[in-house]
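Undergrad: coords_16.cif (mmCIF, C-alpha atoms) pasted underneath:
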data_run
#
loop_
_atom_site.label_atom_id
_atom_site.label_comp_id
_atom_site.auth_asym_id
_atom_site.auth_seq_id
_atom_site.Cartn_x
_atom_site.Cartn_y
_atom_site.Cartn_z
CA MET A 62 65.35 -19.28 -17.10
CA ALA A 63 64.02 -18.03 -13.83
CA ILE A 64 61.83 -19.43 -11.08
CA GLU A 65 58.10 -19.01 -11.59
CA VAL A 66 56.23 -17.99 -8.45
CA ARG A 67 52.45 -18.31 -8.17
CA ILE A 68 50.85 -15.75 -5.90
CA PRO A 69 47.48 -16.35 -4.19
CA THR A 70 44.74 -13.74 -4.60
CA ILE A 71 45.07 -12.52 -1.04
CA LEU A 72 48.71 -11.53 -1.62
CA ARG A 73 48.35 -10.02 -5.09
CA SER A 74 48.07 -6.55 -3.62
CA TYR A 75 51.85 -6.84 -3.16
CA THR A 76 52.49 -7.83 -6.79
CA GLY A 77 50.35 -5.21 -8.47
CA GLY A 78 47.69 -7.84 -9.08
CA ALA A 79 50.05 -10.26 -10.84
CA LYS A 80 49.11 -13.92 -10.45
CA VAL A 81 52.51 -15.20 -11.53
CA VAL A 82 55.84 -13.44 -11.01
CA GLU A 83 59.44 -14.45 -11.68
CA GLY A 84 62.34 -14.44 -9.30
CA SER A 85 65.71 -16.01 -8.71
CA GLY A 86 67.67 -17.52 -5.88
CA GLU A 87 69.43 -20.69 -4.85
CA SER A 88 67.15 -21.24 -1.87
CA LEU A 89 63.62 -20.24 -0.94
CA ASN A 90 65.12 -17.68 1.44
CA ASP A 91 67.08 -16.08 -1.44
CA LEU A 92 64.04 -16.14 -3.69
CA LEU A 93 61.82 -14.38 -1.14
CA SER A 94 64.48 -11.69 -0.59
CA ASP A 95 64.77 -11.24 -4.34
CA LEU A 96 61.00 -10.88 -4.65
CA ASP A 97 60.78 -8.51 -1.71
CA ALA A 98 63.17 -6.12 -3.45
CA ARG A 99 60.54 -5.67 -6.17
CA TYR A 100 57.36 -6.44 -4.23
CA SER A 101 57.99 -4.72 -0.95
CA GLY A 102 56.26 -6.25 2.07
CA LEU A 103 55.59 -9.64 0.47
CA ARG A 104 58.29 -11.43 2.45
CA ALA A 105 56.93 -10.20 5.78
CA ARG A 106 53.55 -11.78 5.00
CA LEU A 107 55.21 -15.18 4.54
CA VAL A 108 58.03 -15.22 7.08
CA THR A 109 57.71 -14.43 10.79
CA ASP A 110 59.98 -12.09 12.73
CA GLU A 111 61.70 -15.20 14.09
CA GLY A 112 62.59 -16.21 10.53
CA ALA A 113 60.24 -19.16 10.13
CA LEU A 114 57.48 -19.71 7.60
CA HIS A 115 54.18 -18.27 8.81
CA ARG A 116 52.01 -21.00 10.33
CA PHE A 117 49.14 -20.43 7.93
CA VAL A 118 51.26 -20.25 4.79
CA ASN A 119 52.22 -23.24 2.70
CA VAL A 120 54.91 -22.96 0.04
CA TYR A 121 55.40 -25.68 -2.55
CA VAL A 122 58.32 -26.26 -4.87
CA ASN A 123 57.06 -28.19 -7.90
CA ASP A 124 54.01 -29.18 -5.83
CA GLU A 125 55.99 -30.44 -2.83
CA ASP A 126 55.67 -28.75 0.58
CA VAL A 127 58.94 -26.95 1.44
CA ARG A 128 58.54 -27.75 5.13
CA PHE A 129 59.73 -31.25 4.22
CA LEU A 130 62.52 -29.95 1.98
CA GLY A 131 64.31 -27.72 4.47
CA SER A 132 61.77 -24.87 4.72
CA LEU A 133 63.46 -21.55 3.90
CA ASP A 134 66.68 -23.45 3.14
CA ALA A 135 64.95 -25.54 0.46
CA LYS A 136 67.15 -25.58 -2.65
CA LEU A 137 65.81 -24.12 -5.88
CA SER A 138 66.85 -24.48 -9.50
CA ASP A 139 66.02 -22.53 -12.62
CA GLY A 140 62.77 -23.77 -14.10
CA ASP A 141 61.25 -24.65 -10.72
CA THR A 142 57.72 -23.55 -9.97
CA VAL A 143 57.05 -22.17 -6.51
CA THR A 144 53.41 -22.00 -5.36
CA ILE A 145 52.36 -20.00 -2.35
CA LEU A 146 49.02 -20.92 -0.75
CA PRO A 147 47.21 -20.12 2.47
CA ALA A 148 47.03 -23.18 4.75
CA VAL A 149 43.57 -24.69 4.74
CA ALA A 150 42.42 -28.07 5.86
CA GLY A 151 40.93 -30.31 3.20
CA GLY A 152 37.20 -29.99 3.63
CA ALA A 153 37.99 -26.50 4.88
CA PHE A 154 34.32 -25.73 5.21
CA GLY A 155 33.62 -28.19 7.97
CA PHE A 156 36.75 -27.28 9.80
CA ALA A 157 36.20 -23.56 9.62
CA ALA A 158 32.67 -23.90 10.89
CA ALA A 159 33.41 -26.40 13.63
CA ALA A 160 36.48 -24.57 14.86
CA ALA A 161 34.59 -21.31 15.03
CA ILE A 162 31.77 -22.85 17.05
CA LEU A 163 34.19 -24.33 19.54
CA GLY A 164 36.17 -21.10 19.72
CA HIS A 165 39.40 -22.78 18.62
CA HIS A 166 41.17 -19.59 17.77
CA GLY A 167 44.95 -19.54 17.75
CA THR A 168 45.38 -22.97 16.23
CA ALA A 169 42.45 -22.80 13.93
CA GLY A 170 42.74 -19.23 12.86
CA SER A 171 40.29 -16.62 13.94
CA ALA A 172 36.77 -16.79 12.66
CA PRO A 173 36.16 -13.80 10.46
CA ALA A 174 33.68 -11.32 11.85
CA ARG A 175 30.70 -10.64 9.67
CA MET B 1 36.05 -63.92 8.76
CA THR B 2 33.25 -62.54 6.63
CA ARG B 3 30.29 -62.85 9.01
CA TYR B 4 29.43 -59.92 11.29
CA GLU B 5 26.83 -59.33 14.01
CA SER B 6 25.80 -55.96 12.56
CA LEU B 7 26.81 -53.46 9.91
CA LEU B 8 28.87 -51.53 12.46
CA ASP B 9 30.97 -54.63 13.08
CA ALA B 10 31.69 -54.83 9.35
CA CYS B 11 33.66 -51.57 9.45
CA GLY B 12 37.32 -51.85 8.40
CA GLY B 13 39.13 -55.00 7.33
CA THR B 14 39.23 -53.65 3.78
CA PRO B 15 41.12 -55.38 0.95
CA LEU B 16 44.59 -54.33 -0.15
CA VAL B 17 44.98 -54.95 -3.86
CA GLY B 18 48.04 -54.78 -6.06
CA LEU B 19 48.22 -52.60 -9.15
CA PRO B 20 50.36 -54.66 -11.52
CA ARG B 21 49.59 -52.49 -14.57
CA LEU B 22 50.02 -49.06 -12.97
CA SER B 23 53.15 -49.96 -11.01
CA PRO B 24 56.18 -48.56 -12.85
CA ALA B 25 58.33 -50.97 -14.82
CA VAL B 26 61.83 -51.52 -13.43
CA PRO B 27 64.96 -52.42 -15.42
CA GLU B 28 65.82 -56.10 -15.62
CA GLY B 29 67.36 -57.30 -12.38
CA ALA B 30 66.35 -54.17 -10.43
CA PRO B 31 64.35 -54.52 -7.20
CA PRO B 32 60.55 -54.41 -7.64
CA VAL B 33 58.52 -51.25 -7.17
CA ARG B 34 54.89 -52.04 -6.47
CA LEU B 35 51.75 -50.01 -5.84
CA TRP B 36 48.98 -51.27 -3.54
CA ALA B 37 45.51 -49.78 -3.11
CA LYS B 38 43.61 -50.08 0.18
CA LEU B 39 39.96 -50.09 -0.83
CA GLU B 40 38.27 -48.01 1.85
CA ASP B 41 35.20 -47.71 -0.35
CA ARG B 42 34.43 -51.23 0.89
CA ASN B 43 33.37 -49.83 4.27
CA PRO B 44 29.65 -49.83 5.23
CA THR B 45 28.76 -46.41 3.74
CA GLY B 46 31.46 -46.51 1.11
CA SER B 47 34.25 -44.39 2.56
CA VAL B 48 37.22 -44.36 4.91
CA LYS B 49 35.24 -42.03 7.20
CA ASP B 50 33.24 -44.91 8.64
CA ARG B 51 36.26 -45.79 10.77
CA ALA B 52 36.52 -42.34 12.34
CA ALA B 53 32.76 -41.89 12.75
CA LEU B 54 32.41 -45.19 14.58
CA PHE B 55 35.38 -44.52 16.87
CA MET B 56 34.23 -40.98 17.67
CA VAL B 57 30.68 -42.06 18.54
CA ARG B 58 31.88 -45.01 20.65
CA GLU B 59 34.29 -42.75 22.53
CA ALA B 60 31.56 -40.15 23.18
CA GLU B 61 29.28 -42.93 24.45
CA ARG B 62 32.02 -44.30 26.69
CA THR B 63 32.70 -40.91 28.29
CA GLY B 64 28.99 -40.08 28.65
CA ARG B 65 29.05 -37.14 26.22
CA LEU B 66 26.43 -38.88 24.07
CA ARG B 67 23.27 -40.41 25.49
CA GLN B 68 20.40 -42.16 23.74
CA GLY B 69 18.28 -39.71 21.75
CA ASP B 70 20.89 -36.94 21.69
CA THR B 71 21.41 -34.77 18.62
CA ILE B 72 24.79 -34.69 16.89
CA LEU B 73 25.69 -31.51 14.99
CA GLU B 74 28.23 -31.90 12.22
CA PRO B 75 29.38 -29.12 9.92
CA THR B 76 30.50 -31.25 6.98
CA SER B 77 30.71 -31.12 3.25
CA GLY B 78 31.54 -34.73 2.79
CA ASN B 79 31.81 -38.35 3.69
CA THR B 80 31.98 -37.86 7.46
CA GLY B 81 28.39 -36.73 7.46
CA ILE B 82 27.27 -39.85 5.61
CA SER B 83 29.25 -42.10 7.96
CA LEU B 84 27.90 -40.34 11.03
CA ALA B 85 24.37 -40.54 9.67
CA MET B 86 24.62 -44.31 9.40
CA VAL B 87 26.23 -44.73 12.83
CA ALA B 88 23.73 -42.30 14.39
CA LYS B 89 20.81 -44.21 12.89
CA LEU B 90 22.03 -47.56 14.21
CA ARG B 91 23.02 -46.20 17.63
CA GLY B 92 19.89 -44.10 18.22
CA TYR B 93 20.92 -40.47 17.66
CA ARG B 94 19.62 -37.64 15.54
CA LEU B 95 22.11 -36.02 13.15
CA VAL B 96 21.98 -32.46 11.86
CA CYS B 97 24.48 -31.54 9.11
CA VAL B 98 25.40 -28.01 8.12
CA MET B 99 26.86 -27.86 4.63
CA PRO B 100 27.43 -25.47 1.75
CA GLU B 101 25.05 -25.61 -1.21
CA ASN B 102 27.79 -26.54 -3.67
CA VAL B 103 28.18 -30.19 -2.65
CA SER B 104 27.14 -32.93 -5.05
CA ALA B 105 23.48 -33.94 -5.24
CA GLU B 106 24.39 -37.54 -4.38
CA ARG B 107 25.74 -36.52 -0.99
CA VAL B 108 22.57 -34.69 -0.09
CA GLN B 109 20.42 -37.63 -1.17
CA LEU B 110 22.54 -40.11 0.77
CA LEU B 111 22.42 -38.04 3.94
CA ARG B 112 18.64 -37.71 3.75
CA MET B 113 18.29 -41.41 3.01
CA TYR B 114 20.20 -42.25 6.17
CA GLY B 115 17.89 -39.91 8.07
CA ALA B 116 20.11 -36.88 8.59
CA GLU B 117 18.67 -33.38 8.59
CA ILE B 118 20.50 -30.80 6.47
CA ILE B 119 20.88 -27.08 6.89
CA PHE B 120 22.47 -25.35 3.90
CA SER B 121 24.69 -22.31 3.93
CA PRO B 122 24.93 -20.24 0.72
CA ALA B 123 27.81 -21.39 -1.51
CA ALA B 124 28.55 -17.82 -2.52
CA GLY B 125 29.73 -16.92 0.97
CA GLY B 126 32.44 -19.62 0.99
CA SER B 127 33.64 -20.81 4.35
CA ASN B 128 33.01 -17.41 5.93
CA GLN B 129 29.29 -17.76 5.37
CA ALA B 130 29.36 -21.40 6.46
CA VAL B 131 31.08 -20.43 9.68
CA ALA B 132 28.41 -17.85 10.40
CA THR B 133 25.58 -20.29 9.70
CA ALA B 134 27.06 -23.07 11.80
CA LYS B 135 27.83 -20.72 14.68
CA GLN B 136 24.28 -19.43 14.75
CA ILE B 137 22.84 -22.95 14.82
CA ALA B 138 25.20 -24.05 17.58
CA ALA B 139 24.30 -20.99 19.64
CA GLU B 140 20.60 -21.77 19.30
CA HIS B 141 21.10 -25.41 20.35
CA PRO B 142 23.74 -25.59 23.07
CA ASP B 143 22.73 -29.17 23.96
CA TRP B 144 23.67 -30.56 20.54
CA VAL B 145 26.91 -32.55 20.53
CA MET B 146 29.68 -31.77 18.05
CA LEU B 147 32.23 -34.54 17.65
CA TYR B 148 34.67 -32.23 15.82
CA GLN B 149 36.65 -34.65 13.66
CA TYR B 150 39.52 -32.16 13.19
CA GLY B 151 40.44 -32.19 16.86
CA ASN B 152 39.04 -35.52 18.04
CA GLN B 153 41.79 -38.00 18.98
CA ALA B 154 39.34 -40.88 18.44
CA ASN B 155 39.65 -40.07 14.73
CA VAL B 156 43.42 -40.66 14.90
CA ARG B 157 42.98 -43.72 17.11
CA ALA B 158 40.63 -45.34 14.59
CA HIS B 159 43.53 -45.47 12.16
CA TYR B 160 46.21 -46.25 14.74
CA GLU B 161 44.20 -49.24 15.93
CA THR B 162 42.72 -50.50 12.66
CA THR B 163 44.07 -49.09 9.36
CA GLY B 164 47.73 -49.25 10.43
CA PRO B 165 47.69 -52.83 11.76
CA GLU B 166 45.68 -54.03 8.74
CA LEU B 167 48.26 -52.57 6.36
CA LEU B 168 51.22 -54.05 8.18
CA ARG B 169 49.53 -57.45 8.39
CA ASP B 170 48.76 -57.47 4.66
CA LEU B 171 52.01 -55.86 3.50
CA PRO B 172 54.88 -56.48 5.94
CA THR B 173 57.32 -55.18 3.30
CA ILE B 174 55.64 -51.75 3.10
CA THR B 175 58.06 -48.87 2.42
CA HIS B 176 55.67 -45.95 1.74
CA PHE B 177 52.20 -45.03 2.97
CA VAL B 178 50.30 -42.38 0.98
CA ALA B 179 46.95 -40.83 1.89
CA GLY B 180 44.94 -37.68 1.48
CA LEU B 181 45.29 -34.83 3.95
CA GLY B 182 42.00 -33.48 5.27
CA THR B 183 41.26 -33.82 8.95
CA THR B 184 44.71 -35.49 8.93
CA GLY B 185 43.31 -38.39 11.00
CA THR B 186 44.18 -41.14 8.49
CA LEU B 187 47.78 -39.97 8.08
CA MET B 188 48.38 -39.22 11.76
CA GLY B 189 46.98 -42.52 13.06
CA THR B 190 48.24 -44.88 10.36
CA GLY B 191 51.48 -42.92 10.07
CA ARG B 192 52.28 -43.11 13.79
CA TYR B 193 51.54 -46.81 13.91
CA LEU B 194 53.69 -47.63 10.89
CA ARG B 195 56.55 -45.42 12.06
CA GLU B 196 56.66 -47.39 15.32
CA LYS B 197 56.78 -50.71 13.48
CA VAL B 198 58.62 -50.14 10.21
CA GLU B 199 62.08 -48.65 10.08
CA ASP B 200 62.56 -45.81 7.57
CA ILE B 201 58.99 -45.91 6.35
CA GLU B 202 57.89 -42.86 4.39
CA ILE B 203 54.56 -41.26 5.28
CA VAL B 204 53.40 -39.18 2.34
CA ALA B 205 50.52 -36.70 2.31
CA ALA B 206 48.58 -35.60 -0.78
CA GLU B 207 46.42 -32.55 -0.31
CA PRO B 208 43.89 -31.32 -2.83
CA ARG B 209 44.62 -27.91 -4.33
CA TYR B 210 41.32 -26.20 -4.96
CA GLY B 211 40.56 -23.02 -6.75
CA GLU B 212 40.67 -20.10 -4.37
CA LEU B 213 36.94 -19.53 -4.70
CA VAL B 214 36.39 -22.65 -2.64
CA TYR B 215 38.34 -21.32 0.28
CA GLY B 216 36.90 -17.84 0.30
CA LEU B 217 39.78 -16.60 2.43
CA ARG B 218 40.41 -12.91 2.66
CA ASN B 219 43.80 -12.99 4.31
CA ILE B 220 46.51 -15.34 5.49
CA ASP B 221 45.38 -15.22 9.10
CA GLU B 222 42.15 -16.96 8.19
CA GLY B 223 44.07 -20.15 7.40
CA TYR B 224 43.34 -23.41 9.16
CA VAL B 225 45.51 -26.18 10.50
CA PRO B 226 43.57 -28.97 12.22
CA GLU B 227 44.50 -29.62 15.84
CA LEU B 228 45.19 -33.27 14.96
CA TYR B 229 47.95 -32.32 12.53
CA ASP B 230 51.50 -33.10 13.60
CA GLY B 231 53.96 -32.44 10.80
CA THR B 232 56.61 -34.70 12.38
CA VAL B 233 54.57 -37.77 11.45
CA LEU B 234 54.96 -37.00 7.73
CA THR B 235 58.05 -37.30 5.61
CA ARG B 236 56.67 -35.53 2.53
CA ARG B 237 53.64 -33.55 1.50
CA PHE B 238 52.37 -32.92 -2.03
CA SER B 239 49.81 -30.43 -3.26
CA VAL B 240 47.83 -31.89 -6.16
CA GLY B 241 45.74 -29.79 -8.52
CA THR B 242 42.38 -30.73 -9.99
CA ARG B 243 43.77 -31.67 -13.41
CA ASP B 244 46.28 -34.20 -12.04
CA ALA B 245 43.67 -35.63 -9.67
CA VAL B 246 41.18 -36.17 -12.51
CA LEU B 247 43.84 -37.63 -14.79
CA ARG B 248 44.91 -40.20 -12.18
CA THR B 249 41.34 -41.03 -11.15
CA ARG B 250 40.54 -41.89 -14.76
CA GLN B 251 43.78 -43.83 -15.16
CA LEU B 252 42.96 -45.92 -12.09
CA VAL B 253 39.63 -47.08 -13.50
CA GLU B 254 40.91 -47.43 -17.09
CA VAL B 255 44.04 -49.39 -16.27
CA GLU B 256 43.20 -51.24 -13.05
CA GLY B 257 39.41 -51.21 -12.98
CA ILE B 258 39.20 -49.34 -9.67
CA PHE B 259 36.43 -46.72 -9.75
CA ALA B 260 37.38 -44.13 -7.15
CA GLY B 261 36.55 -40.57 -6.13
CA PHE B 262 38.80 -37.70 -7.15
CA SER B 263 40.67 -37.45 -3.86
CA THR B 264 42.06 -40.90 -4.67
CA GLY B 265 43.41 -39.50 -7.94
CA ALA B 266 45.36 -36.92 -5.96
CA VAL B 267 46.72 -39.65 -3.68
CA LEU B 268 47.67 -41.86 -6.63
CA HIS B 269 49.49 -38.91 -8.22
CA ALA B 270 51.72 -38.63 -5.14
CA ALA B 271 52.10 -42.42 -4.91
CA LEU B 272 53.30 -42.60 -8.51
CA ALA B 273 55.77 -39.77 -7.86
CA VAL B 274 57.44 -41.65 -5.00
CA ALA B 275 57.27 -44.93 -6.94
CA HIS B 276 59.07 -43.43 -9.94
CA GLU B 277 61.71 -41.94 -7.64
CA ALA B 278 62.32 -45.40 -6.20
CA VAL B 279 62.75 -46.83 -9.70
CA LYS B 280 65.25 -44.10 -10.56
CA ALA B 281 67.20 -44.75 -7.37
CA GLY B 282 67.10 -48.51 -7.92
CA ARG B 283 65.38 -49.06 -4.57
CA ARG B 284 62.75 -51.65 -3.69
CA ALA B 285 59.40 -50.07 -2.87
CA ASP B 286 56.00 -51.27 -1.72
CA VAL B 287 53.83 -48.18 -1.86
CA ALA B 288 50.42 -48.54 -0.20
CA PHE B 289 47.83 -45.81 -0.70
CA ILE B 290 44.29 -45.13 0.45
CA VAL B 291 41.29 -45.23 -1.86
CA ALA B 292 39.11 -43.03 0.34
CA ASP B 293 35.87 -43.59 -1.54
CA GLY B 294 34.30 -44.80 -4.78
CA GLY B 295 33.36 -42.57 -7.69
CA TRP B 296 29.59 -43.00 -7.41
CA LYS B 297 28.94 -39.81 -5.49
CA TYR B 298 30.78 -37.71 -8.09
CA LEU B 299 29.19 -38.99 -11.30
CA SER B 300 26.89 -35.98 -11.52
CA THR B 301 29.94 -33.70 -11.85
CA GLY B 302 30.47 -35.12 -15.34
CA ALA B 303 34.22 -35.14 -14.68
CA TYR B 304 34.70 -38.82 -15.55
CA GLY B 305 34.10 -38.15 -19.25
CA GLY B 306 35.07 -35.54 -21.83
CA THR B 307 38.43 -33.79 -22.04
CA LEU B 308 40.59 -33.05 -19.03
CA ALA B 309 39.95 -29.36 -19.49
CA ASP B 310 36.18 -29.99 -19.41
CA ALA B 311 36.56 -32.04 -16.25
CA GLU B 312 38.70 -29.40 -14.61
CA GLU B 313 36.06 -26.83 -15.41
CA ALA B 314 33.27 -29.10 -14.13
CA LEU B 315 35.03 -29.43 -10.78
CA GLU B 316 35.95 -25.76 -10.49
CA GLY B 317 34.51 -24.33 -7.32
CA GLN B 318 33.57 -27.80 -5.98
CA LEU B 319 34.92 -29.75 -3.07
CA TRP B 320 36.11 -32.90 -4.76
CA ALA B 321 38.03 -34.37 -1.84
#
Now that the file is in, can you turn its structure into C-alpha cells?

TA:
Amino acid sequence: MAIEVRIPTILRSYTGGAKVVEGSGESLNDLLSDLDARYSGLRARLVTDEGALHRFVNVYVNDEDVRFLGSLDAKLSDGDTVTILPAVAGGAFGFAAAAAILGHHGTAGSAPAR
Amino acid sequence: MTRYESLLDACGGTPLVGLPRLSPAVPEGAPPVRLWAKLEDRNPTGSVKDRAALFMVREAERTGRLRQGDTILEPTSGNTGISLAMVAKLRGYRLVCVMPENVSAERVQLLRMYGAEIIFSPAAGGSNQAVATAKQIAAEHPDWVMLYQYGNQANVRAHYETTGPELLRDLPTITHFVAGLGTTGTLMGTGRYLREKVEDIEIVAAEPRYGELVYGLRNIDEGYVPELYDGTVLTRRFSVGTRDAVLRTRQLVEVEGIFAGFSTGAVLHAALAVAHEAVKAGRRADVAFIVADGGWKYLSTGAYGGTLADAEEALEGQLWA
C-alpha cells in the first residue's frame, strides 16, 4: 500500500491533471520529495526556500492539519491519506472581500486583479 | 438570572448540555469521557455571532468610529450579517450587506426582516467576483464603516470575556474545547482564556472543507489567513468534509435531539475523534464543543433528509458553515 495524495485543482498542472496521486515516504518531507521526482515543481509550490510549509497551503494527514503534527516532519504510514488544500478562511467570501477593501495584502493574500 | 433590560443584554449566558447518548462508552472502571454542547443558537438572533457583533459595535461606539445614523458595510455570507443587522437596528445604524447569490434563502429573508440592505455578487464569480463587487461599493461610499470581523480584536475579546468564563464556570473539569474555524474569533478568544486557566487543555479546531468551486481560487497565493488567527492557541486542527458534517449533524438531532446547522456537525466530528482517542488511552475527558447555530436556516437545502450522497450533492457549491 502507498500513501494517497489529493491534489487541489490549482496544482493539478503539476500532476498532469490527476486529482489523486500515490507516493511514499516516512514523513511528509520524504513524501513531497518522492512526489517531486515524478511531478517536478510540485514541492516548490508547497515548501518555501527556507524549508517551511507555504503560508497559504494547508496539508492534512487523514484530515488533521500537519502543522500540529510536526509539519514537514509529520510521520506517515502506508494507507494514510494526505490532502493538500489552499488556505482559506471559513466564510472565505466575506474575508476575501473585506480584506481587499481594507488593502490587507501580505497577510490576507493579494486581491486578484480583474 | 433570566430577566434582561433589552435583547442586547440577553446575549451570551447560553446553556451547556451533556450528551449522554453520543458520548463514547468506556470500559468498566475506566475514567469517564463526556461530550458537552454549548448551545449558541440560544443567542438573540440564533447564532454565536451575536457575541462578536455586539462587542464590535460597542467597541466602535466607544472609540467614536460609529456615530448615530452611520452606515455599517459588511461583506458577509452568513450569521454575522444577521447578528449585525439586529444590533444595528437596536443601536440606530443602517446595515448594508454584500453577499454572493448562493446563500440560503432563509438568510436573505432574515437580513431583510431585520432591516438590512443587501447587494448581491454573482455566485459564478466565486470570491474573486465578490471581492470586486465589495471593493467597488466601498470605493463609492468611503464614509461607510466596516467592522471587519476577521481582524477585529473585539471579536476575540467577546469570547475571551464571555464564552471562555462561561465554559469554565459550567465545566471546571473541561479537558478539550472544540469549535469551528472561520474568523477564528471563537477559538482564539475562548482558547486563550482556557489556556490561561486550565493546565494541559486541548484547543481543537474544525474547519469546513468545501468543494473547490466555493473558493474560486486560481492559485495558492490567493489564499487567506485571517489576521486574528494565531496557530499557537490551537493544539489540533481538523478538516471536515461535507459528508462527515452532514452525518454528524443528523446524528446530533437523531440521538440527542439537538437541531443544529451543518458547521456544528463538522465540530462534533472532531469532538468525537478526540473523545474516542481519550477512551482508547484510558484518559478522563470532558469535551465541550460549540453549537454555532440551529438548523432552521438550512432546511431549504434539503440536506436533513434523503441519503448522505443526496445531502452532499445538495450542499455542493454552498457555504454551509

Undergrad: What is the distance, in Å and to one decimal place, between CA of Val33 in chain B and CA of His269 in chain B?

TA: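 Between CA of Val33 in chain B and CA of His269 in chain B the gap works out to 15.3 Å.
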
Undergrad: Specify as a list in words each residue included when the PyMOL selection byres ((chain A and resi 83) around 6) is applied to this file.

TA: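 So the PyMOL selection byres ((chain A and resi 83) around 6) ends up selecting Ile64, Glu65, Val66, Val82 and Gly84 of chain A.
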
Undergrad: Which is closer to chain B than all the others in A:Asp91, A:Asp134, A:Asp126, A:Asp141, using all atoms listed in the file?

TA: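 For chain B, the nearest of the given residues is A:Asp126.
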
Undergrad: What residues come out when you apply the PyMOL selection byres ((chain B and resi 250) around 10) to this file, written as an NGL selection string?

TA: :B and (244-249 or 251-262 or 265 or 303-305 or 308)

Undergrad: So, counting all atoms listed in the file, which residue among B:Arg3, B:Lys197, B:Arg283, B:Arg237 is closest to chain A?

TA: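 Ranking B:Arg3, B:Lys197, B:Arg283, B:Arg237 by distance to chain A, first place goes to B:Arg237.
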
Undergrad: Applying the PyMOL selection byres ((chain A and resi 113) around 12) to the file I just gave you, which residues come out? Please list them as JSON, numbers by chain.

TA: {"A": [89, 90, 104, 105, 106, 107, 108, 109, 110, 111, 112, 114, 115, 116, 117, 118, 119, 127, 128, 131, 132, 133, 134]}

Undergrad: Residues near range 108-114 of chain B, anyone? I mean within 7 Å using all atoms listed in the file, not counting same-chain ones fewer than 3 positions away, as a list in words.

TA: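 Counting all atoms listed in the file, the residues come to Ile82, Ala85, Met86, Ser104, Ala105 and Glu117 of chain B.
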
Undergrad: Need to verify the contact set: range 72-78 of chain A, 7 Å, all atoms listed in the file, exclusion of same-chain residues closer than 4 positions in sequence. Can you return it as a PyMOL selection string?

TA: chain A and resi 68+100-103

Undergrad: Can you tell me how far CA of Pro20 in chain B sits from CA of Leu167 in chain B, in Å to one decimal?

TA: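 It comes out at 18.1 Å.
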
Undergrad: Mind pulling up the distance from CA of Thr232 in chain B to CA of Val204 in chain B?

TA: 11.5 Å

Undergrad: Using all atoms listed in the file and a cutoff of 7 Å, can you tell me which residues are near (52.7, -47.2, 10.5) in the file's coordinates, and write them out as a VMD selection string?

TA: chain B and resid 164 190 to 198

Undergrad: Pick out the closest residue to chain A from this set: B:Asn79, B:Thr14, B:Ser300, B:Thr163. Count all atoms listed in the file.

TA: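 Using all atoms listed in the file, chain A sits closest to B:Asn79.
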
Undergrad: Need the neighbours of (26.1, -40.8, 21.7): which residues are at most 10 Å away, counting only C-alpha atoms, as a PDB file with C-alpha atoms, in the coordinates of the input?

TA:
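Everything below was put into point_29.pdb:
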ATOM      1  CA  MET B  56      34.230 -40.980  17.670  1.00  0.00           C
ATOM      2  CA  VAL B  57      30.680 -42.060  18.540  1.00  0.00           C
ATOM      3  CA  ARG B  58      31.880 -45.010  20.650  1.00  0.00           C
ATOM      4  CA  GLU B  59      34.290 -42.750  22.530  1.00  0.00           C
ATOM      5  CA  ALA B  60      31.560 -40.150  23.180  1.00  0.00           C
ATOM      6  CA  GLU B  61      29.280 -42.930  24.450  1.00  0.00           C
ATOM      7  CA  ARG B  62      32.020 -44.300  26.690  1.00  0.00           C
ATOM      8  CA  THR B  63      32.700 -40.910  28.290  1.00  0.00           C
ATOM      9  CA  GLY B  64      28.990 -40.080  28.650  1.00  0.00           C
ATOM     10  CA  ARG B  65      29.050 -37.140  26.220  1.00  0.00           C
ATOM     11  CA  LEU B  66      26.430 -38.880  24.070  1.00  0.00           C
ATOM     12  CA  ARG B  67      23.270 -40.410  25.490  1.00  0.00           C
ATOM     13  CA  GLN B  68      20.400 -42.160  23.740  1.00  0.00           C
ATOM     14  CA  GLY B  69      18.280 -39.710  21.750  1.00  0.00           C
ATOM     15  CA  ASP B  70      20.890 -36.940  21.690  1.00  0.00           C
ATOM     16  CA  THR B  71      21.410 -34.770  18.620  1.00  0.00           C
ATOM     17  CA  ILE B  72      24.790 -34.690  16.890  1.00  0.00           C
ATOM     18  CA  VAL B  87      26.230 -44.730  12.830  1.00  0.00           C
ATOM     19  CA  ALA B  88      23.730 -42.300  14.390  1.00  0.00           C
ATOM     20  CA  ARG B  91      23.020 -46.200  17.630  1.00  0.00           C
ATOM     21  CA  GLY B  92      19.890 -44.100  18.220  1.00  0.00           C
ATOM     22  CA  TYR B  93      20.920 -40.470  17.660  1.00  0.00           C
ATOM     23  CA  ARG B  94      19.620 -37.640  15.540  1.00  0.00           C
ATOM     24  CA  VAL B 145      26.910 -32.550  20.530  1.00  0.00           C
ATOM     25  CA  LEU B 147      32.230 -34.540  17.650  1.00  0.00           C
TER      26      LEU B 147
END

Undergrad: Looking at all atoms listed in the file, which of B:Arg21, B:Arg236, B:Arg284, B:His159 is the one that sits closest to Tyr121 in chain A?

TA: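 Closest to Tyr121 in chain A of all the choices is B:Arg236.
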
Undergrad: Pick from A:Ala79, A:Ala63, A:Val122, A:Ile71: nearest to chain B, with only C-alpha atoms counted?

TA: A:Ile71

Undergrad: Choose the residue, out of A:Val81, A:Ala148, A:Ala135, A:Val120, that has the smallest atom-to-atom separation from chain B; count all atoms listed in the file.

TA: A:Ala148

Undergrad: Pick out the residues sitting within 8 Å of Asp124 in chain A, and hand them over as a list in words; count only C-alpha atoms, and ignore anything fewer than 4 positions along from it in its own chain.

TA: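 Once the adjacent positions are removed, what remains is Thr142, Val143 and Thr144 of chain A; Phe238, Ser239 and Val240 of chain B.
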
Undergrad: Would you compute, for all listed atoms of range 10-26 of chain B, the axis-aligned bounding box grown by 5 Å on each side, and then report its centre and edge lengths in Å rounded to one decimal, as lines of an AutoDock Vina configuration file?

TA:
center_x = 46.8
center_y = -52.0
center_z = -2.7
size_x = 40.1
size_y = 16.8
size_z = 34.3
